[in-house]
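**Student:** Just dropping this structure here.
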Amino acid sequence: MVLLRFTLSEEGVNALRDALACLNKFSDEVSLEAKRDKLVFTALNSSKSAYAAFSFATNRFFSKYQYEGVAQNREKFFCKLYNRALLSLFRARTGDPLHDPEKGGSAIERCDVAIEDEAGKKSRFIVKIACRNGMTTKYRLPFEVSPPVHAKFDKDEALHSWSISSRTLRQLMDHFGPGIEYLDIHSDDDSTVNFTCFTEKVASGNEVLKKPLHTSIAVEKDEFDSFDVTEDKLHIVVSVKDFRAITQHAAFLGSDVSAQYSMPSRPMQIRYDGDGVKCEYLLMTVGERGAPGQRAKKTRTDARPAPQAQQLEAAASRVTSNAPTPAPRPTPAARREPMPSLRPTAPRQSQRPPPATLDHDSLFVPQDDDYQWEPVRMNEDEDEEEGDARLEWDASDRPNPSAIKMSSVMANQAAQRSGSGPDNRIEHEQGQALSYIEPTQRLSQARQFGLFND
Amino acid sequence: MRFKTNLKNIRTFSKLVAALSSLEKIAWLRLDDEHVRFTVIPDTGSQVWALLPMEFIFDNVQLQSAEAQNTINLELPLVPLQRALKSALNATSASLRLTKKDGIPILSMTIQTSTVAQGNQAGGQGSYSRFSRGDNNGPGHVAGGFGDDDDGIFNIEPLETHLHREREKIITQDIPVRVLHPDNVEMIMQPKVREPDVHIQLPPLLQLKAISDRFTKLAAASTRASNSAVATAATSNPKLELSANMHGSLRLSLTTDTLDVTSQWDSLENPELDPSQLHCPLEEHPSTTFREAGPDKWASVRVDGKDWSKVLSVGRLEGRVIACFADEHALILYVYVPQYDDVQGEDCVVTRMSVIADPLLAISLQAENM
């Protein structure tokens, strides 16, 4: 039984991909929650210190959206998916138009998604992708029915807020180097706001030189669209990795980013909107060690010493503690949604595919073309190399399986030599899989459909 | 110990650091009254000794040291430096200062920058309108009196936009360093190599690098294919053979059990030597012997393909590169770094040049004996 069906245009697929790529930086798993009026993707990281939610308005974002619901729960449906698998579907053939932009060969034209869930049948997340060249691919992903965990944020508590253009924020973040852990945002005086990065890793002796670049940026308050932080010298510290993931996605959408927070060790909410999508994040802020933030908190009634490993969930339960019956956390599923009784009791095995060969950090597009001066890399997967630098067999002209086997043998050797190379292994597997395909058409013909992630 | 300077030629500086860091991640920086010297000495592979005049990348230098000849020796990680310079690329101004933070010495780079692109455009318009207004108003109006005009309320706006857009940001990038004691570094000497047999200007490095890299990969692949049984034994990197003569030819070749490939460049320049810079009469110089022996007299070295690829990364500086071959002994590259930012600056366009004299950047490539 199909309980949810929706269709995405090319732009929709791109937007969804961006969102999933961003969620992927928080967690391997993505929770989907479908209602009649919105489809929400959420992720909570493993340390429960960061939460991301993308809410797509069904009437604006999708070309078509049809929600049936299940008998047990008409209101909403939820499931959990392995994000990398999901991402790789939408990502698979986006590289191709670069190779031949005119045809736009295997660019995605339309994407139909259906979710089937029925007792006694295989429940699947089915994605049908139609490419410009007329090729249609269908994927079935397994999912796990478990309710999403939402982090809660108390707006009334968050007195401080600012908003800034995503482009400016992205530019700021670009100045920070690798290896840093935390970002401290505080206003110094009336006119400037400081963004400072730091790390807690202690370095000594020879290690001193391995310390990451320490960066601080003084920004004029005018740079912000609004800056409303009443407490002077309030240091608010968040994880750079999370913040970067956010600024990166926000810059895609190009909208203004607004942040709301109260004090250290309480969550910070970051929000921005796109066309038909609302993005919301909750980041747990780190307790400030320098006293200024703490000192100013004395007026608050519920101020308490900040534990080092704060969790959004803990915060959420604290926030909701006014509710009459806060159920114990370990069984959030039972509390939130009664599980449909027809469901098999054993949790479904999530059949995780091998990790995608594509590097998800490839979102970090290098600013310059300096790569050509990089030293030669011999043992790497040559996928990233330019076509003319490739030394593998060019199978496009000769679709004989022996050549393919040869390359897989070579890849295998490479894997052996390099100890372990997941990429190489995959190549090997792909090579084997290829050799089992009945040779009905030339590889060069098949290749243009973008079947092979070259 | 005090060191403070403004930065200039940041793009070149940044490329230089990028080139150095492809060979080694930590450099020895030596500063004195006249020169800046970057030295990288990897455990294996080629060394770089880059000697730059102070004013090439620095401006308004304050240098003060208790050590002999007013020198400062620092150990400097290149990746953070490169990252910091990247921040400074579009800066309105940037300065560098040796200081201490939490007891750790750092090179602190202070960068002043304003919002780029859109911001500058708006700023440009703002200042343009201000100038044109000044003309229209004539001498009767003082510069600050825009609001006094009848139509003042309309004119304040572009000025505000101007102020709003030209917002400055101050970025501080702190690079951790270690101060080296002179005793620890004075032992390190630039390798002495005998007078070269052949000196030749290399073809465009990007071309040379592309072909070299291809050969290197080819060598790896052919080893892989030919002796698959002992593939694990092929841990050593492939060797390329480089040869040059004094008649404008350079040859790059790869020989393995199963294949033999060569690329040759002709009509390259063998620059003339400046006799005043030589330790022996020009007639007795080995290159003269090689020249007289004709085009079949080659000086050859074998280089590690991977290392060579790293060395060729200096090509990003887009300078003229002279290769000096000491037959079956060593290869030294002299890279003449052009100045981008300063059009007036004396750069590498030297028609008659001395190979040994005052190179801006020397890469000495230790080659394997054959």
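Please note that chains go A, B, ... in the order of the structure tokens, that every chain numbers its residues from 1, and that ligands are numbered from 1 in the order shown.
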I need the contact residues of chain B against chain A, so if you could list those with any atom within 9 Å, counting only C-alpha atoms, and return them as an MDAnalysis selection string, that would help.
**Tutor:** chainID B and resid 19 22:23 26 75:77 79:81 83:84 86:87 104 115 164:165 167:178 206 209:210 212:214 216:218 220:221 224:225 228 231:232 235 305:316
**Student:** Pick out the residues sitting within 10 Å of His285 of chain B, and hand them over as a VMD selection string; count only C-alpha atoms, and ignore anything fewer than 6 positions along from it in its own chain.
**Tutor:** chain B and resid 195 to 197 273 275 278 to 279
**Student:** Go ahead and save the residues from that selection, with N, CA and C atoms, as a PDB file, in the first residue's frame.
**Tutor:**
ATOM      1  N   GLU B 195      80.204  22.461 -10.066  1.00  0.00           N
ATOM      2  CA  GLU B 195      79.744  23.271 -11.188  1.00  0.00           C
ATOM      3  C   GLU B 195      78.943  22.395 -12.146  1.00  0.00           C
ATOM      4  N   PRO B 196      77.791  22.879 -12.601  1.00  0.00           N
ATOM      5  CA  PRO B 196      76.938  22.030 -13.442  1.00  0.00           C
ATOM      6  C   PRO B 196      77.521  21.819 -14.839  1.00  0.00           C
ATOM      7  N   ASP B 197      77.201  20.642 -15.388  1.00  0.00           N
ATOM      8  CA  ASP B 197      77.670  20.327 -16.730  1.00  0.00           C
ATOM      9  C   ASP B 197      76.775  20.971 -17.785  1.00  0.00           C
ATOM     10  N   LEU B 273      76.571  32.092 -19.326  1.00  0.00           N
ATOM     11  CA  LEU B 273      77.030  32.324 -17.955  1.00  0.00           C
ATOM     12  C   LEU B 273      77.722  33.670 -17.875  1.00  0.00           C
ATOM     13  N   PRO B 275      80.763  35.432 -16.727  1.00  0.00           N
ATOM     14  CA  PRO B 275      82.124  35.026 -16.295  1.00  0.00           C
ATOM     15  C   PRO B 275      82.505  35.597 -14.936  1.00  0.00           C
ATOM     16  N   LEU B 278      81.776  33.316 -12.030  1.00  0.00           N
ATOM     17  CA  LEU B 278      82.308  31.950 -12.005  1.00  0.00           C
ATOM     18  C   LEU B 278      83.604  31.869 -11.217  1.00  0.00           C
ATOM     19  N   HIS B 279      83.833  30.688 -10.701  1.00  0.00           N
ATOM     20  CA  HIS B 279      85.061  30.460  -9.945  1.00  0.00           C
ATOM     21  C   HIS B 279      86.194  30.024 -10.855  1.00  0.00           C
TER      22      HIS B 279
END
**Student:** Counting only C-alpha atoms, what is within 6 Å of Leu31 of chain B, bar same-chain residues fewer than 4 positions away, as a list in words?
**Tutor:**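 Here the answer would be Val36, Thr71 and Ile72 of chain B.
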**Student:** Hey, can you spit out that residue selection with N, CA, C and O atoms as a PDB file, in the first residue's frame?
**Tutor:**
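New file out-v8.pdb:
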ATOM      1  N   VAL B  36      64.892  37.458   3.513  1.00  0.00           N
ATOM      2  CA  VAL B  36      64.010  36.476   4.114  1.00  0.00           C
ATOM      3  C   VAL B  36      64.415  35.162   3.460  1.00  0.00           C
ATOM      4  O   VAL B  36      64.517  35.089   2.247  1.00  0.00           O
ATOM      5  N   THR B  71      69.629  38.443  13.392  1.00  0.00           N
ATOM      6  CA  THR B  71      68.835  37.423  12.707  1.00  0.00           C
ATOM      7  C   THR B  71      67.776  36.839  13.640  1.00  0.00           C
ATOM      8  O   THR B  71      67.945  36.805  14.855  1.00  0.00           O
ATOM      9  N   ILE B  72      66.712  36.405  13.026  1.00  0.00           N
ATOM     10  CA  ILE B  72      65.681  35.664  13.748  1.00  0.00           C
ATOM     11  C   ILE B  72      65.464  34.358  13.000  1.00  0.00           C
ATOM     12  O   ILE B  72      65.310  34.353  11.774  1.00  0.00           O
TER      13      ILE B  72
END
**Student:** Nearest to Ala15 of chain A: which of A:Thr137, A:Lys80, A:Phe56, A:Asp154 is it, counting only C-alpha atoms?
**Tutor:** A:Phe56
**Student:** For Arg37 of chain B, work out the shell of residues within 7 Å, counting only C-alpha atoms and skipping chain neighbours fewer than 5 positions away, then give it as a ChimeraX atom specification.
**Tutor:** /B:29-31,50-52
**Student:** Show which residues sit within 10 Å of segment 256-265 of chain B, as a VMD selection string. Count only C-alpha atoms, and ignore same-chain residues fewer than 2 positions away.
**Tutor:** chain B and resid 202 to 203 208 211 to 212 215 218 to 220 222 to 223 225 to 227 238 to 244 248 to 254 267 to 268
**Student:** Write the residues of the preceding selection, restricted to N, CA, C and O atoms, as a compact mmCIF listing (two decimals), in the first residue's frame.
**Tutor:**
# COMPACT_ATOMS: atom_id res chain seq x y z
N LEU B 202 63.94 25.40 -18.55
CA LEU B 202 62.94 24.35 -18.69
C LEU B 202 61.75 24.84 -19.51
O LEU B 202 61.43 26.02 -19.51
N PRO B 203 61.10 23.91 -20.21
CA PRO B 203 59.86 24.27 -20.90
C PRO B 203 58.79 24.62 -19.87
O PRO B 203 59.01 24.43 -18.68
N LEU B 208 55.61 20.17 -18.50
CA LEU B 208 56.60 19.20 -18.02
C LEU B 208 56.01 18.35 -16.91
O LEU B 208 56.21 17.14 -16.86
N ILE B 211 53.40 15.75 -18.20
CA ILE B 211 54.03 14.59 -18.83
C ILE B 211 54.76 13.74 -17.80
O ILE B 211 54.66 12.52 -17.79
N SER B 212 55.47 14.40 -16.90
CA SER B 212 56.19 13.67 -15.86
C SER B 212 55.23 12.83 -15.02
O SER B 212 55.49 11.66 -14.73
N PHE B 215 54.08 9.87 -16.87
CA PHE B 215 55.13 8.84 -16.89
C PHE B 215 55.18 8.11 -15.55
O PHE B 215 55.33 6.89 -15.50
N LEU B 218 52.38 5.82 -15.29
CA LEU B 218 52.61 4.74 -16.24
C LEU B 218 53.58 3.73 -15.65
O LEU B 218 53.39 2.52 -15.75
N ALA B 219 54.62 4.24 -15.02
CA ALA B 219 55.62 3.37 -14.41
C ALA B 219 54.97 2.53 -13.33
O ALA B 219 55.18 1.31 -13.26
N ALA B 220 54.14 3.16 -12.53
CA ALA B 220 53.46 2.44 -11.45
C ALA B 220 52.55 1.38 -12.04
O ALA B 220 52.52 0.23 -11.58
N SER B 222 52.74 -0.06 -15.01
CA SER B 222 53.43 -1.13 -15.72
C SER B 222 54.09 -2.08 -14.73
O SER B 222 54.18 -3.27 -14.97
N THR B 223 54.53 -1.55 -13.61
CA THR B 223 55.07 -2.44 -12.57
C THR B 223 53.96 -3.35 -12.08
O THR B 223 54.14 -4.54 -11.92
N ALA B 225 51.33 -4.29 -13.67
CA ALA B 225 50.88 -5.25 -14.66
C ALA B 225 51.92 -6.33 -14.90
O ALA B 225 51.59 -7.50 -15.05
N SER B 226 53.19 -5.95 -14.94
CA SER B 226 54.22 -6.90 -15.36
C SER B 226 54.53 -7.93 -14.29
O SER B 226 54.62 -9.11 -14.58
N ASN B 227 54.70 -7.47 -13.07
CA ASN B 227 55.00 -8.47 -12.05
C ASN B 227 53.95 -8.44 -10.95
O ASN B 227 54.19 -8.00 -9.85
N PRO B 238 58.65 5.05 -8.76
CA PRO B 238 59.28 4.95 -10.06
C PRO B 238 60.30 6.07 -10.28
O PRO B 238 60.13 7.18 -9.76
N LYS B 239 61.30 5.75 -11.03
CA LYS B 239 62.34 6.73 -11.33
C LYS B 239 62.22 7.21 -12.77
O LYS B 239 61.98 6.43 -13.68
N LEU B 240 62.37 8.49 -12.93
CA LEU B 240 62.38 9.06 -14.26
C LEU B 240 63.79 9.52 -14.57
O LEU B 240 64.52 9.94 -13.68
N GLU B 241 64.15 9.44 -15.83
CA GLU B 241 65.47 9.92 -16.20
C GLU B 241 65.35 11.25 -16.92
O GLU B 241 64.56 11.40 -17.86
N LEU B 242 66.08 12.22 -16.44
CA LEU B 242 66.09 13.54 -17.06
C LEU B 242 67.46 13.78 -17.64
O LEU B 242 68.47 13.58 -16.95
N SER B 243 67.49 14.21 -18.87
CA SER B 243 68.77 14.52 -19.48
C SER B 243 68.65 15.83 -20.24
O SER B 243 67.58 16.20 -20.70
N ALA B 244 69.79 16.50 -20.35
CA ALA B 244 69.81 17.73 -21.13
C ALA B 244 71.18 17.88 -21.76
O ALA B 244 72.17 17.35 -21.26
N GLY B 248 70.21 22.96 -26.31
CA GLY B 248 68.79 23.28 -26.23
C GLY B 248 67.84 22.11 -26.13
O GLY B 248 66.65 22.27 -26.37
N SER B 249 68.31 20.94 -25.78
CA SER B 249 67.39 19.81 -25.71
C SER B 249 67.28 19.27 -24.29
O SER B 249 68.26 19.20 -23.55
N LEU B 250 66.06 18.89 -23.98
CA LEU B 250 65.77 18.27 -22.69
C LEU B 250 65.01 16.99 -22.97
O LEU B 250 64.14 16.95 -23.84
N ARG B 251 65.35 15.97 -22.24
CA ARG B 251 64.73 14.68 -22.49
C ARG B 251 64.22 14.12 -21.16
O ARG B 251 64.91 14.19 -20.15
N LEU B 252 63.02 13.61 -21.23
CA LEU B 252 62.44 12.96 -20.06
C LEU B 252 62.12 11.56 -20.47
O LEU B 252 61.42 11.33 -21.47
N SER B 253 62.66 10.57 -19.77
CA SER B 253 62.36 9.22 -20.21
C SER B 253 62.10 8.28 -19.05
O SER B 253 62.51 8.51 -17.91
N LEU B 254 61.39 7.25 -19.40
CA LEU B 254 61.02 6.22 -18.45
C LEU B 254 61.33 4.88 -19.08
O LEU B 254 60.93 4.61 -20.20
N SER B 267 65.11 23.22 -28.94
CA SER B 267 65.14 24.68 -29.05
C SER B 267 64.88 25.38 -27.72
O SER B 267 64.25 26.43 -27.68
N LEU B 268 65.32 24.77 -26.67
CA LEU B 268 65.28 25.48 -25.39
C LEU B 268 66.53 26.33 -25.28
O LEU B 268 67.48 26.17 -26.04
**Student:** Any idea what's packed within 9 Å of Ser166 of chain A, counting only C-alpha atoms, ignoring anything in its chain fewer than 6 positions away? Could you give it as a list in words?
**Tutor:**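 Surrounding residues, per the criterion: Thr247, Gln248, His249, Ala250, Ala251, Phe252, Leu253, Gly254, Ser255, Asp256, Val257 and Tyr272 of chain A.
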**Student:** I need the chosen residues saved as a PDB file, in the first residue's frame, with N, CA and C atoms.
**Tutor:**
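Wrote it out as selection-v3.pdb, contents follow:
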ATOM      1  N   THR A 247      26.183  27.182   7.679  1.00  0.00           N
ATOM      2  CA  THR A 247      26.453  28.354   6.848  1.00  0.00           C
ATOM      3  C   THR A 247      26.587  27.964   5.385  1.00  0.00           C
ATOM      4  N   GLN A 248      27.121  26.763   5.187  1.00  0.00           N
ATOM      5  CA  GLN A 248      27.292  26.311   3.819  1.00  0.00           C
ATOM      6  C   GLN A 248      25.940  26.127   3.130  1.00  0.00           C
ATOM      7  N   HIS A 249      25.048  25.482   3.821  1.00  0.00           N
ATOM      8  CA  HIS A 249      23.735  25.257   3.224  1.00  0.00           C
ATOM      9  C   HIS A 249      22.978  26.571   3.089  1.00  0.00           C
ATOM     10  N   ALA A 250      23.104  27.419   4.093  1.00  0.00           N
ATOM     11  CA  ALA A 250      22.409  28.702   4.045  1.00  0.00           C
ATOM     12  C   ALA A 250      22.886  29.527   2.857  1.00  0.00           C
ATOM     13  N   ALA A 251      24.187  29.418   2.567  1.00  0.00           N
ATOM     14  CA  ALA A 251      24.717  30.193   1.451  1.00  0.00           C
ATOM     15  C   ALA A 251      24.143  29.713   0.120  1.00  0.00           C
ATOM     16  N   PHE A 252      23.805  28.430   0.038  1.00  0.00           N
ATOM     17  CA  PHE A 252      23.159  27.927  -1.185  1.00  0.00           C
ATOM     18  C   PHE A 252      21.832  28.641  -1.395  1.00  0.00           C
ATOM     19  N   LEU A 253      21.110  28.783  -0.302  1.00  0.00           N
ATOM     20  CA  LEU A 253      19.785  29.382  -0.409  1.00  0.00           C
ATOM     21  C   LEU A 253      19.865  30.899  -0.494  1.00  0.00           C
ATOM     22  N   GLY A 254      20.949  31.432   0.036  1.00  0.00           N
ATOM     23  CA  GLY A 254      21.174  32.869  -0.088  1.00  0.00           C
ATOM     24  C   GLY A 254      20.276  33.742   0.771  1.00  0.00           C
ATOM     25  N   SER A 255      19.627  33.139   1.727  1.00  0.00           N
ATOM     26  CA  SER A 255      18.722  33.948   2.537  1.00  0.00           C
ATOM     27  C   SER A 255      19.410  34.401   3.826  1.00  0.00           C
ATOM     28  N   ASP A 256      18.722  35.198   4.578  1.00  0.00           N
ATOM     29  CA  ASP A 256      19.292  35.674   5.833  1.00  0.00           C
ATOM     30  C   ASP A 256      19.205  34.598   6.910  1.00  0.00           C
ATOM     31  N   VAL A 257      20.227  34.556   7.711  1.00  0.00           N
ATOM     32  CA  VAL A 257      20.285  33.568   8.775  1.00  0.00           C
ATOM     33  C   VAL A 257      20.009  34.275  10.089  1.00  0.00           C
ATOM     34  N   TYR A 272      16.679  29.743   8.846  1.00  0.00           N
ATOM     35  CA  TYR A 272      16.563  30.506   7.603  1.00  0.00           C
ATOM     36  C   TYR A 272      15.575  29.790   6.706  1.00  0.00           C
TER      37      TYR A 272
END
**Student:** Which parts of segment 73-221 of chain A does DSSP call strand (DSSP E or B) when run on the backbone here, written out as a ChimeraX atom specification?
**Tutor:** /A:77-82,108-116,124-131,136-141,144,160-165,182-187,192-198,214-220
**Student:** Determine, counting only C-alpha atoms, which protein, DNA and RNA residues have an atom within 10 Å of an atom of segment 58-73 of chain A; residues of the same chain fewer than 2 positions away are not included. Present the result as an MDAnalysis selection string.
**Tutor:** chainID A and resid 1:9 11:13 15:16 34:40 55:56 75:78 110:115 117:118 274:277 337:342
